[in-house]
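Chemist: I'm passing along query.cif; it holds mmCIF, C-alpha atoms.
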data_input
#
loop_
_atom_site.label_atom_id
_atom_site.label_comp_id
_atom_site.auth_asym_id
_atom_site.auth_seq_id
_atom_site.Cartn_x
_atom_site.Cartn_y
_atom_site.Cartn_z
CA MET O 1 -85.03 -57.86 -15.26
CA LYS O 2 -82.29 -59.32 -17.43
CA ARG O 3 -80.20 -56.14 -16.99
CA PHE O 4 -80.66 -56.32 -13.21
CA GLY O 5 -79.47 -59.94 -13.19
CA MET O 6 -76.42 -58.98 -15.24
CA TRP O 7 -75.42 -56.27 -12.75
CA VAL O 8 -75.90 -58.64 -9.84
CA GLY O 9 -73.54 -61.09 -11.54
CA VAL O 10 -70.91 -58.39 -12.06
CA VAL O 11 -71.10 -57.34 -8.40
CA VAL O 12 -70.84 -60.94 -7.19
CA LEU O 13 -67.83 -61.54 -9.48
CA MET O 14 -66.10 -58.43 -8.13
CA LEU O 15 -66.71 -59.44 -4.54
CA THR O 16 -65.66 -63.05 -4.95
CA SER O 17 -62.55 -62.23 -6.99
CA GLY O 18 -61.01 -60.83 -3.81
CA LEU O 19 -61.72 -64.12 -2.06
CA TYR O 20 -59.82 -66.11 -4.66
CA ALA O 21 -56.56 -64.17 -4.85
CA ASP O 22 -53.24 -64.02 -3.09
CA GLN O 23 -53.02 -61.46 -0.31
CA VAL O 24 -50.21 -59.43 1.23
CA THR O 25 -50.63 -57.47 4.46
CA LEU O 26 -48.15 -54.65 4.99
CA SER O 27 -46.84 -53.15 8.21
CA ASN O 28 -48.71 -49.87 7.54
CA GLY O 29 -52.03 -51.75 7.50
CA ASP O 30 -52.50 -51.87 3.72
CA ARG O 31 -53.65 -55.11 2.19
CA LEU O 32 -53.06 -56.02 -1.45
CA THR O 33 -54.88 -58.73 -3.40
CA GLY O 34 -53.68 -60.21 -6.64
CA THR O 35 -50.92 -62.66 -7.55
CA LEU O 36 -47.70 -63.35 -5.69
CA VAL O 37 -45.13 -63.59 -8.48
CA SER O 38 -41.90 -64.21 -6.58
CA LEU O 39 -39.70 -63.34 -3.62
CA VAL O 40 -36.04 -62.91 -4.57
CA ASP O 41 -33.20 -61.14 -2.72
CA GLY O 42 -35.54 -59.71 -0.09
CA THR O 43 -37.95 -58.18 -2.62
CA LEU O 44 -41.52 -59.44 -3.06
CA ASN O 45 -42.90 -59.08 -6.59
CA PHE O 46 -46.69 -58.82 -6.40
CA LYS O 47 -49.13 -58.20 -9.26
CA SER O 48 -52.45 -56.50 -8.53
CA ALA O 49 -55.27 -55.63 -10.94
CA VAL O 50 -55.43 -52.16 -9.35
CA THR O 51 -51.77 -51.19 -8.80
CA GLY O 52 -50.08 -53.42 -11.39
CA GLU O 53 -46.81 -55.14 -10.51
CA SER O 54 -45.15 -53.87 -7.34
CA ALA O 55 -41.76 -54.49 -5.73
CA ILE O 56 -42.20 -54.71 -1.95
CA ALA O 57 -39.42 -55.11 0.61
CA ILE O 58 -40.09 -58.29 2.60
CA ALA O 59 -39.22 -56.30 5.75
CA ASP O 60 -42.45 -54.31 5.17
CA VAL O 61 -44.61 -57.45 4.91
CA VAL O 62 -46.59 -58.61 7.95
CA THR O 63 -47.93 -61.84 6.48
CA LEU O 64 -48.83 -63.60 3.22
CA ALA O 65 -51.59 -65.83 1.86
CA THR O 66 -51.87 -67.68 -1.46
CA ASP O 67 -54.65 -69.60 -3.16
CA ASP O 68 -52.37 -71.94 -5.11
CA GLU O 69 -49.16 -73.74 -4.27
CA VAL O 70 -45.92 -71.77 -4.42
CA ALA O 71 -42.32 -73.01 -4.21
CA VAL O 72 -40.91 -71.82 -0.88
CA HIS O 73 -37.12 -72.05 -0.49
CA THR O 74 -36.08 -71.78 3.15
CA ALA O 75 -32.81 -70.38 4.45
CA SER O 76 -31.87 -73.87 5.64
CA GLY O 77 -32.06 -75.20 2.07
CA LYS O 78 -35.46 -76.94 2.14
CA ILE O 79 -37.97 -76.52 -0.71
CA LEU O 80 -41.67 -76.60 0.20
CA ASN O 81 -44.40 -76.70 -2.47
CA THR O 82 -47.31 -75.43 -0.41
CA VAL O 83 -50.18 -73.02 -0.05
CA LEU O 84 -49.42 -70.14 2.33
CA THR O 85 -52.00 -69.14 4.93
CA ALA O 86 -51.93 -65.84 6.81
CA SER O 87 -50.93 -66.33 10.43
CA GLN O 88 -49.46 -64.24 13.25
CA THR O 89 -47.42 -61.14 12.49
CA GLY O 90 -44.16 -62.11 10.78
CA THR O 91 -45.22 -65.72 10.12
CA VAL O 92 -47.16 -67.82 7.63
CA ALA O 93 -48.76 -71.24 7.97
CA VAL O 94 -47.72 -73.89 5.46
CA ARG O 95 -49.10 -77.35 4.65
CA GLY O 96 -49.61 -79.43 7.78
CA GLY O 97 -50.18 -76.37 9.97
CA GLN O 98 -46.47 -75.67 10.43
CA GLN O 99 -45.62 -72.08 11.25
CA LEU O 100 -42.81 -70.48 9.25
CA MET O 101 -41.20 -67.15 10.07
CA LEU O 102 -40.92 -64.79 7.12
CA THR O 103 -37.24 -64.37 8.02
CA GLU O 104 -36.79 -68.12 7.42
CA ILE O 105 -37.90 -67.77 3.78
CA ALA O 106 -35.02 -67.24 1.37
CA SER O 107 -37.15 -67.06 -1.78
CA ILE O 108 -40.53 -67.91 -3.29
CA ASN O 109 -40.90 -69.01 -6.92
CA PRO O 110 -37.31 -68.03 -7.75
CA PRO O 111 -36.46 -67.92 -11.47
CA VAL O 112 -35.04 -71.16 -12.80
CA LYS O 113 -31.28 -70.88 -13.04
CA ALA O 114 -29.49 -72.03 -16.15
CA PRO O 115 -27.52 -75.21 -15.46
CA PRO O 116 -23.86 -74.43 -14.68
CA LYS O 117 -21.42 -74.85 -17.56
CA TRP O 118 -17.74 -75.56 -17.81
CA LYS O 119 -15.79 -72.34 -18.27
CA GLY O 120 -12.12 -71.87 -18.93
CA ALA O 121 -9.26 -70.70 -21.09
CA ALA O 122 -6.57 -72.27 -23.25
CA SER O 123 -3.46 -70.66 -24.70
CA LEU O 124 -0.45 -71.58 -26.85
CA GLY O 125 2.95 -69.96 -27.29
CA TRP O 126 5.67 -70.54 -29.88
CA THR O 127 8.90 -68.69 -30.66
CA ARG O 128 11.72 -69.58 -33.05
CA THR O 129 15.13 -68.01 -33.60
CA SER O 130 17.44 -68.92 -36.47
CA GLY O 131 20.76 -67.59 -37.72
CA ASN O 132 23.73 -67.54 -35.37
CA THR O 133 21.63 -69.49 -32.87
CA HIS O 134 18.76 -71.89 -33.32
CA ASN O 135 16.23 -71.70 -30.50
CA GLU O 136 12.66 -72.91 -30.40
CA THR O 137 10.17 -72.69 -27.52
CA PHE O 138 6.70 -74.17 -27.32
CA SER O 139 4.31 -73.69 -24.40
CA ALA O 140 0.69 -74.44 -23.60
CA SER O 141 -1.69 -73.69 -20.74
CA ALA O 142 -5.29 -74.65 -20.03
CA ASN O 143 -7.71 -74.25 -17.14
CA VAL O 144 -11.36 -75.24 -16.84
CA GLY O 145 -13.85 -75.08 -13.99
CA LYS O 146 -17.48 -75.50 -13.06
CA ARG O 147 -19.17 -73.76 -10.11
CA ARG O 148 -22.42 -75.23 -8.89
CA GLU O 149 -24.47 -74.17 -5.88
CA LYS O 150 -22.79 -76.63 -3.50
CA ASP O 151 -19.49 -77.51 -5.14
CA ARG O 152 -16.73 -76.41 -7.50
CA VAL O 153 -14.36 -78.32 -9.79
CA THR O 154 -11.15 -76.87 -11.28
CA LEU O 155 -8.55 -78.43 -13.59
CA ASN O 156 -5.24 -76.86 -14.69
CA TYR O 157 -2.40 -77.79 -17.03
CA ASP O 158 0.85 -76.03 -18.02
CA MET O 159 3.88 -77.12 -20.05
CA ALA O 160 6.88 -75.69 -21.87
CA GLN O 161 9.80 -77.05 -23.88
CA THR O 162 12.80 -75.13 -25.21
CA LYS O 163 15.56 -76.37 -27.51
CA ALA O 164 18.78 -74.43 -28.15
CA ASP O 165 20.82 -75.85 -31.01
CA SER O 166 19.05 -79.20 -30.58
CA ASN O 167 19.80 -79.28 -26.82
CA LYS O 168 16.92 -79.08 -24.36
CA THR O 169 17.18 -76.17 -21.95
CA GLU O 170 13.61 -76.43 -20.67
CA ASP O 171 11.23 -79.39 -20.53
CA TRP O 172 8.53 -79.52 -17.89
CA TRP O 173 4.80 -79.98 -17.38
CA ARG O 174 2.36 -79.95 -14.47
CA ALA O 175 -1.31 -80.82 -13.94
CA LYS O 176 -3.68 -80.12 -11.05
CA GLY O 177 -7.22 -81.15 -10.18
CA LYS O 178 -9.28 -79.82 -7.27
CA TYR O 179 -12.76 -80.41 -5.83
CA ASP O 180 -14.44 -78.07 -3.32
CA TYR O 181 -17.66 -78.83 -1.44
CA PHE O 182 -19.42 -75.88 0.22
CA PHE O 183 -20.94 -76.60 3.64
CA SER O 184 -22.09 -72.95 3.79
CA PRO O 185 -21.88 -70.01 1.36
CA ASN O 186 -18.30 -69.38 2.53
CA PHE O 187 -16.85 -72.45 4.23
CA TYR O 188 -15.84 -75.46 2.12
CA GLY O 189 -13.86 -78.66 2.28
CA TYR O 190 -11.48 -79.59 -0.51
CA GLY O 191 -9.46 -82.40 -1.99
CA ASP O 192 -6.77 -81.84 -4.61
CA GLY O 193 -3.93 -83.49 -6.46
CA ARG O 194 -0.85 -82.28 -8.40
CA TYR O 195 1.52 -84.07 -10.74
CA GLU O 196 4.74 -82.34 -11.85
CA VAL O 197 7.66 -83.33 -14.10
CA ASP O 198 10.80 -81.28 -14.86
CA GLU O 199 13.52 -82.98 -16.91
CA ILE O 200 16.08 -80.18 -16.53
CA ALA O 201 15.68 -80.22 -12.71
CA ASN O 202 16.04 -84.04 -12.76
CA LEU O 203 12.51 -84.27 -11.34
CA ASP O 204 11.11 -87.56 -12.57
CA LYS O 205 7.83 -86.91 -10.76
CA ARG O 206 6.35 -85.01 -7.86
CA ILE O 207 2.90 -86.12 -6.72
CA LEU O 208 1.00 -84.08 -4.12
CA VAL O 209 -2.36 -85.24 -2.74
CA GLY O 210 -4.07 -83.09 -0.12
CA ALA O 211 -7.32 -82.35 1.69
CA GLY O 212 -8.54 -79.72 4.13
CA GLY O 213 -10.83 -76.75 4.59
CA GLY O 214 -11.12 -73.33 3.04
CA TYR O 215 -12.97 -70.04 3.40
CA GLN O 216 -14.28 -68.07 0.42
CA TRP O 217 -13.85 -64.44 1.51
CA ILE O 218 -14.98 -62.92 -1.80
CA GLU O 219 -16.90 -64.51 -4.69
CA ASN O 220 -18.44 -62.37 -7.41
CA GLU O 221 -18.12 -61.52 -11.10
CA THR O 222 -15.10 -59.24 -10.66
CA MET O 223 -13.12 -60.70 -7.74
CA ASN O 224 -12.61 -64.02 -5.95
CA LEU O 225 -10.47 -64.75 -2.89
CA GLY O 226 -10.23 -67.99 -0.92
CA THR O 227 -7.78 -69.22 1.72
CA GLU O 228 -7.12 -72.85 2.62
CA VAL O 229 -5.29 -75.05 5.12
CA GLY O 230 -5.03 -78.83 5.33
CA LEU O 231 -2.74 -81.85 5.11
CA ALA O 232 -0.92 -83.35 2.15
CA ASN O 233 1.29 -86.26 1.19
CA GLN O 234 4.21 -85.50 -1.11
CA TYR O 235 5.91 -88.19 -3.19
CA THR O 236 9.09 -87.04 -4.96
CA LYS O 237 11.37 -88.99 -7.25
CA TYR O 238 14.56 -87.54 -8.76
CA ASP O 239 16.36 -89.27 -11.62
CA GLY O 240 19.03 -91.61 -10.25
CA GLU O 241 18.35 -90.74 -6.60
CA GLY O 242 15.45 -92.94 -5.55
CA SER O 243 12.22 -91.56 -4.12
CA ASP O 244 10.90 -89.94 -0.96
CA SER O 245 7.41 -89.75 0.54
CA GLU O 246 6.36 -87.58 3.51
CA PHE O 247 3.39 -85.83 5.07
CA SER O 248 3.19 -82.06 5.24
CA ILE O 249 0.96 -79.14 6.07
CA GLN O 250 -0.76 -77.56 3.07
CA ALA O 251 -1.66 -73.86 3.20
CA GLY O 252 -2.37 -71.31 0.51
CA TYR O 253 -4.75 -68.98 -1.26
CA ASN O 254 -6.40 -68.42 -4.66
CA PHE O 255 -7.11 -64.94 -6.00
CA ASP O 256 -8.41 -63.50 -9.27
CA TRP O 257 -9.45 -59.96 -10.18
CA GLN O 258 -11.08 -58.44 -13.24
CA LEU O 259 -8.99 -55.25 -13.24
CA THR O 260 -10.77 -53.63 -16.19
CA GLU O 261 -13.04 -54.77 -19.00
CA THR O 262 -9.98 -56.07 -20.85
CA MET O 263 -7.44 -56.87 -18.09
CA TYR O 264 -7.63 -59.93 -15.83
CA PHE O 265 -5.20 -60.98 -13.06
CA VAL O 266 -4.85 -64.44 -11.44
CA HIS O 267 -2.60 -65.39 -8.54
CA ASP O 268 -2.26 -68.44 -6.30
CA LEU O 269 0.22 -69.78 -3.75
CA THR O 270 0.56 -73.13 -1.95
CA TYR O 271 3.07 -73.93 0.80
CA TYR O 272 4.02 -77.49 1.88
CA PRO O 273 6.26 -77.63 5.01
CA ALA O 274 7.16 -81.21 6.03
CA PHE O 275 6.01 -82.45 9.44
CA SER O 276 9.42 -84.02 10.10
CA ASP O 277 11.27 -80.73 9.48
CA LEU O 278 9.44 -77.44 8.86
CA SER O 279 12.54 -76.02 7.15
CA ASP O 280 12.13 -78.73 4.50
CA TYR O 281 9.35 -77.32 2.36
CA TYR O 282 8.07 -76.97 -1.18
CA LEU O 283 6.40 -73.73 -2.29
CA THR O 284 4.75 -72.98 -5.60
CA THR O 285 3.10 -69.75 -6.73
CA THR O 286 1.73 -68.55 -10.06
CA GLY O 287 0.77 -65.12 -11.35
CA GLU O 288 -0.87 -64.43 -14.69
CA LEU O 289 -1.97 -61.24 -16.45
CA ARG O 290 -4.34 -61.46 -19.41
CA ALA O 291 -5.22 -58.73 -21.90
CA ASN O 292 -8.28 -59.28 -24.09
CA PHE O 293 -8.02 -58.49 -27.80
CA THR O 294 -11.62 -59.50 -28.45
CA LYS O 295 -14.45 -60.89 -26.34
CA THR O 296 -12.90 -64.37 -26.39
CA MET O 297 -9.26 -63.92 -27.48
CA PHE O 298 -6.47 -62.76 -25.18
CA GLY O 299 -2.72 -62.47 -24.77
CA SER O 300 -1.19 -63.65 -21.51
CA PHE O 301 2.00 -63.44 -19.49
CA LYS O 302 2.43 -66.06 -16.78
CA ALA O 303 5.18 -66.39 -14.17
CA ILE O 304 5.63 -69.57 -12.12
CA PHE O 305 7.91 -69.61 -9.07
CA ASN O 306 8.85 -72.89 -7.38
CA TYR O 307 11.10 -73.33 -4.35
CA ASP O 308 12.26 -76.78 -3.22
CA ALA O 309 14.33 -76.82 -0.01
CA THR O 310 15.78 -80.25 -0.94
CA PRO O 311 16.29 -80.33 -4.72
CA ALA O 312 18.11 -82.97 -6.76
CA THR O 313 21.86 -83.19 -6.21
CA GLY O 314 23.64 -80.41 -8.06
CA LYS O 315 20.45 -78.47 -8.80
CA GLY O 316 19.30 -75.14 -7.37
CA ASN O 317 16.44 -74.57 -4.94
CA THR O 318 14.64 -72.05 -7.13
CA ASP O 319 12.95 -72.41 -10.50
CA VAL O 320 11.30 -69.44 -12.21
CA LYS O 321 9.37 -70.03 -15.41
CA TYR O 322 7.90 -67.41 -17.77
CA VAL O 323 5.20 -68.28 -20.27
CA LEU O 324 3.89 -66.01 -23.05
CA GLY O 325 0.85 -67.09 -25.00
CA VAL O 326 -2.22 -66.25 -27.03
CA GLY O 327 -5.46 -67.97 -26.15
CA ILE O 328 -9.23 -68.10 -26.08
CA THR O 329 -11.82 -68.22 -23.31
CA PHE O 330 -14.87 -70.48 -23.46
#
Let me see the structure of the file written as C-alpha cells.
Modeler:
Amino acid sequence: MKRFGMWVGVVVLMLTSGLYADQVTLSNGDRLTGTLVSLVDGTLNFKSAVTGESAIAIADVVTLATDDEVAVHTASGKILNTVLTASQTGTVAVRGGQQLMLTEIASINPPVKAPPKWKGAASLGWTRTSGNTHNETFSASANVGKRREKDRVTLNYDMAQTKADSNKTEDWWRAKGKYDYFFSPNFYGYGDGRYEVDEIANLDKRILVGAGGGYQWIENETMNLGTEVGLANQYTKYDGEGSDSEFSIQAGYNFDWQLTETMYFVHDLTYYPAFSDLSDYYLTTTGELRANFTKTMFGSFKAIFNYDATPATGKGNTDVKYVLGVGITF
C-alpha cells in the first residue's frame, strides 16, 4: 500500500510539473514546457527538462506563457515586469490584460550590460636637434569619450610648440567638447564647442559654439561614420585687430576605421560658411593613423588642415600641422 501511494505521488508530481512551467508554442504545433531564459537578438533561449537548452527563432514562436514575472523590453523602450499569458497567435497577454504583439518585444530578461566607461587615447611627441641648429618640438594629443545607450560624450585636445634657436616657429593648441543625444538608433541631436589659439597665425582666440542634428550611418567595433549639419556662432579675435562674431552653417562628418588588428584610422571634417557671405568660411579637417606596438601602446601620425578665408593681416589662408607621437589607449 505504501509503494502504491509512492507511485501515485510520482505520477501526480509529473503531471502537475507541466502545469507550473513556462510554455512556448511553435508554428509547427510543438509545445515546449520548461523555463524561459531570455530573448535576445531575435533568439529565444528556452530550457526544458527533456530537450535541454534550446535556441529558438522568435519568428517560429506562436505564443508564450510564463509562471513567474519576466522583464519584457519593448521596441518602444518600455520595460514591463510581468507574467506572460498565452493569447492569440503572435500575441501575449501581460499584466492588466493588455495584448502585446511578439513583434513589439525587443528582448526578455536581457543580460545586464556593464556600465559604460570612459575610453580614449593620449600621446606625446618630442624631438630635439643640436649642433649647427638648435630645434626643439613638443606636442601632445588626447581624446576621451563615453557611449551610453541614449547619448555620447567626446572630448579632444591637441597642442604643439616648436623653438628654433630660441625663436618660436610653432605655438598653438585647440580643445573641443561635444555631446550627442540619440532620438533613435541612428538620428541624434548634438551640441559642441571649440576653442583654438595659434600664436604664429596671430590668432588670439577662435571660439565656435554649434548645435544641430546628425545621422549615424555606421556604428560597430570596426567602423563608425556619422554626418552632421547645424548652426554655429564663430567668435574670432586676432592680435591687434579687434574681434569679429558671426553666425554660420556647420556641416561635417566623423569617421574611424579599424583597418587591421594593429592599424587604426580616424578622420573628421567640419565646414563653417558665414551666413553673411558663403565665400567667407572656416574649414578644419584632421586625419590620424595609429599603429599599435602592444595592446595599449601605439605610434601615431596626425595631420591637421585648417583654411580661414579671412586670416589675420599678412598671414596665409592655409595652415597644415603634422604631429608625431607615441601614446597609450585606456
Chemist: When the PyMOL selection byres ((chain O and resi 141) around 10) is applied to the file above, which residues end up in the set, as a list of chain:residue names?
Modeler: O:Ala121, O:Ala122, O:Ser123, O:Leu124, O:Gly125, O:Ser139, O:Ala140, O:Ala142, O:Asn143, O:Asn156, O:Tyr157, O:Asp158, O:Met159, O:Ala160, O:Trp173, O:Arg174, O:Ala175, O:Lys302, O:Val323, O:Leu324, O:Gly325, O:Val326, O:Gly327
Chemist: Let me know the residues the PyMOL selection byres ((chain O and resi 198-210) around 6) catches in the file above, as a PDB file with C-alpha atoms, in the frame of the given file.
Modeler:
ATOM      1  CA  ASP O 171      11.230 -79.390 -20.530  1.00  0.00           C
ATOM      2  CA  TRP O 172       8.530 -79.520 -17.890  1.00  0.00           C
ATOM      3  CA  GLY O 191      -9.460 -82.400  -1.990  1.00  0.00           C
ATOM      4  CA  ASP O 192      -6.770 -81.840  -4.610  1.00  0.00           C
ATOM      5  CA  GLY O 193      -3.930 -83.490  -6.460  1.00  0.00           C
ATOM      6  CA  ARG O 194      -0.850 -82.280  -8.400  1.00  0.00           C
ATOM      7  CA  TYR O 195       1.520 -84.070 -10.740  1.00  0.00           C
ATOM      8  CA  GLU O 196       4.740 -82.340 -11.850  1.00  0.00           C
ATOM      9  CA  VAL O 197       7.660 -83.330 -14.100  1.00  0.00           C
ATOM     10  CA  ALA O 211      -7.320 -82.350   1.690  1.00  0.00           C
ATOM     11  CA  LEU O 231      -2.740 -81.850   5.110  1.00  0.00           C
ATOM     12  CA  ALA O 232      -0.920 -83.350   2.150  1.00  0.00           C
ATOM     13  CA  ASN O 233       1.290 -86.260   1.190  1.00  0.00           C
ATOM     14  CA  GLN O 234       4.210 -85.500  -1.110  1.00  0.00           C
ATOM     15  CA  TYR O 235       5.910 -88.190  -3.190  1.00  0.00           C
ATOM     16  CA  THR O 236       9.090 -87.040  -4.960  1.00  0.00           C
ATOM     17  CA  LYS O 237      11.370 -88.990  -7.250  1.00  0.00           C
ATOM     18  CA  TYR O 238      14.560 -87.540  -8.760  1.00  0.00           C
ATOM     19  CA  ASP O 239      16.360 -89.270 -11.620  1.00  0.00           C
TER      20      ASP O 239
END
Chemist: Might you pull out every residue within 9 Å of Pro110 of chain O, with only C-alpha atoms counted and same-chain residues fewer than 2 positions away left off, and present them as a list in words?
Modeler: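 The residues satisfying every condition are Ser38, Leu39, Val40, Ala71, Val72, His73, Ser107, Ile108, Val112 and Lys113 of chain O.
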Chemist: Kindly extract all protein, DNA and RNA residues lying within 12 Å of the coordinates (-52.4, -66.9, 3.4) given in the file, considering only C-alpha atoms, and supply them as a short mmCIF file (atom, residue, chain, number, x, y, z; two decimals) with C-alpha atoms, in the coordinates of the input.
Modeler:
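Okay, this is what ended up in part19.cif:
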data_model
loop_
_atom_site.label_atom_id
_atom_site.label_comp_id
_atom_site.auth_asym_id
_atom_site.auth_seq_id
_atom_site.Cartn_x
_atom_site.Cartn_y
_atom_site.Cartn_z
CA LEU O 19 -61.72 -64.12 -2.06
CA TYR O 20 -59.82 -66.11 -4.66
CA ALA O 21 -56.56 -64.17 -4.85
CA ASP O 22 -53.24 -64.02 -3.09
CA GLN O 23 -53.02 -61.46 -0.31
CA VAL O 24 -50.21 -59.43 1.23
CA THR O 25 -50.63 -57.47 4.46
CA ARG O 31 -53.65 -55.11 2.19
CA LEU O 32 -53.06 -56.02 -1.45
CA THR O 33 -54.88 -58.73 -3.40
CA THR O 35 -50.92 -62.66 -7.55
CA LEU O 36 -47.70 -63.35 -5.69
CA VAL O 62 -46.59 -58.61 7.95
CA THR O 63 -47.93 -61.84 6.48
CA LEU O 64 -48.83 -63.60 3.22
CA ALA O 65 -51.59 -65.83 1.86
CA THR O 66 -51.87 -67.68 -1.46
CA ASP O 67 -54.65 -69.60 -3.16
CA ASP O 68 -52.37 -71.94 -5.11
CA GLU O 69 -49.16 -73.74 -4.27
CA VAL O 70 -45.92 -71.77 -4.42
CA THR O 82 -47.31 -75.43 -0.41
CA VAL O 83 -50.18 -73.02 -0.05
CA LEU O 84 -49.42 -70.14 2.33
CA THR O 85 -52.00 -69.14 4.93
CA ALA O 86 -51.93 -65.84 6.81
CA SER O 87 -50.93 -66.33 10.43
CA GLN O 88 -49.46 -64.24 13.25
CA THR O 89 -47.42 -61.14 12.49
CA THR O 91 -45.22 -65.72 10.12
CA VAL O 92 -47.16 -67.82 7.63
CA ALA O 93 -48.76 -71.24 7.97
CA VAL O 94 -47.72 -73.89 5.46
CA ARG O 95 -49.10 -77.35 4.65
CA GLY O 97 -50.18 -76.37 9.97
CA GLN O 99 -45.62 -72.08 11.25
CA LEU O 100 -42.81 -70.48 9.25
#
Chemist: Check what the PyMOL selection byres ((chain O and resi 320) around 9) selects in the file above and give those residues as a PDB file with C-alpha atoms, in the coordinates of the input.
Modeler:
ATOM      1  CA  ALA O 303       5.180 -66.390 -14.170  1.00  0.00           C
ATOM      2  CA  ILE O 304       5.630 -69.570 -12.120  1.00  0.00           C
ATOM      3  CA  PHE O 305       7.910 -69.610  -9.070  1.00  0.00           C
ATOM      4  CA  ASN O 306       8.850 -72.890  -7.380  1.00  0.00           C
ATOM      5  CA  TYR O 307      11.100 -73.330  -4.350  1.00  0.00           C
ATOM      6  CA  THR O 318      14.640 -72.050  -7.130  1.00  0.00           C
ATOM      7  CA  ASP O 319      12.950 -72.410 -10.500  1.00  0.00           C
ATOM      8  CA  LYS O 321       9.370 -70.030 -15.410  1.00  0.00           C
ATOM      9  CA  TYR O 322       7.900 -67.410 -17.770  1.00  0.00           C
TER      10      TYR O 322
END
Chemist: Show me a table, sorted first by chain and then by increasing residue number, of the residues of segment 224-275 of chain O having an atom at most 10 Å from segment 177-189 of chain O, each with its shortest atom pair and the distance in Å to one decimal, counting all atoms listed in the file and written as CSV.
Modeler:
residue,atom,partner,partner_atom,distance
O:Gly226,CA,O:Asn186,CA,8.9
O:Thr227,CA,O:Phe187,CA,9.9
O:Glu228,CA,O:Gly189,CA,8.9
O:Val229,CA,O:Gly189,CA,9.7
O:Gly230,CA,O:Gly189,CA,9.3
Chemist: I'd like the neighbourhood of Met297 of chain O as a list in words, where a residue qualifies if any of its atoms comes within 8 Å (using only C-alpha atoms), though same-chain residues fewer than 2 positions away should be ignored.
Modeler: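 Counting only the stated atoms, we get Asn292, Phe293, Thr294, Lys295, Gly299, Val326, Gly327, Ile328 and Thr329 of chain O.
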Chemist: Would you compute an axis-aligned box for segment 297-310 of chain O, covering every atom listed for it in the file with 4 Å of margin on each side, and report centre and edge lengths in Å to one decimal as AutoDock Vina command-line options?
Modeler:
--center_x 3.3 --center_y -71.4 --center_z -13.7 --size_x 33.0 --size_y 25.8 --size_z 35.5
Chemist: Could you please determine the separation between atom CA of Gly240 of chain O and atom CA of Tyr282 of chain O in Å, to one decimal place?
Modeler: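 Computed distance, atom CA of Gly240 of chain O to atom CA of Tyr282 of chain O, equals 20.4 Å.
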Chemist: Can you find the residues with an atom no farther than 10 Å from (13.4, -76.5, -2.3), counting only C-alpha atoms, and report them as a PyMOL selection string?
Modeler: chain O and resi 279-284+306-312+315-319
Chemist: Excluding Met263 of chain O and residues on its chain fewer than 3 positions from it, collect all residues at most 7 Å away from it, counting only C-alpha atoms, and give them as a ChimeraX atom specification.
Modeler: /O:258-260,290-292
Chemist: Atom CA of Asp41 of chain O and atom CA of Trp257 of chain O are how many Å apart?
Modeler: 24.9 Å
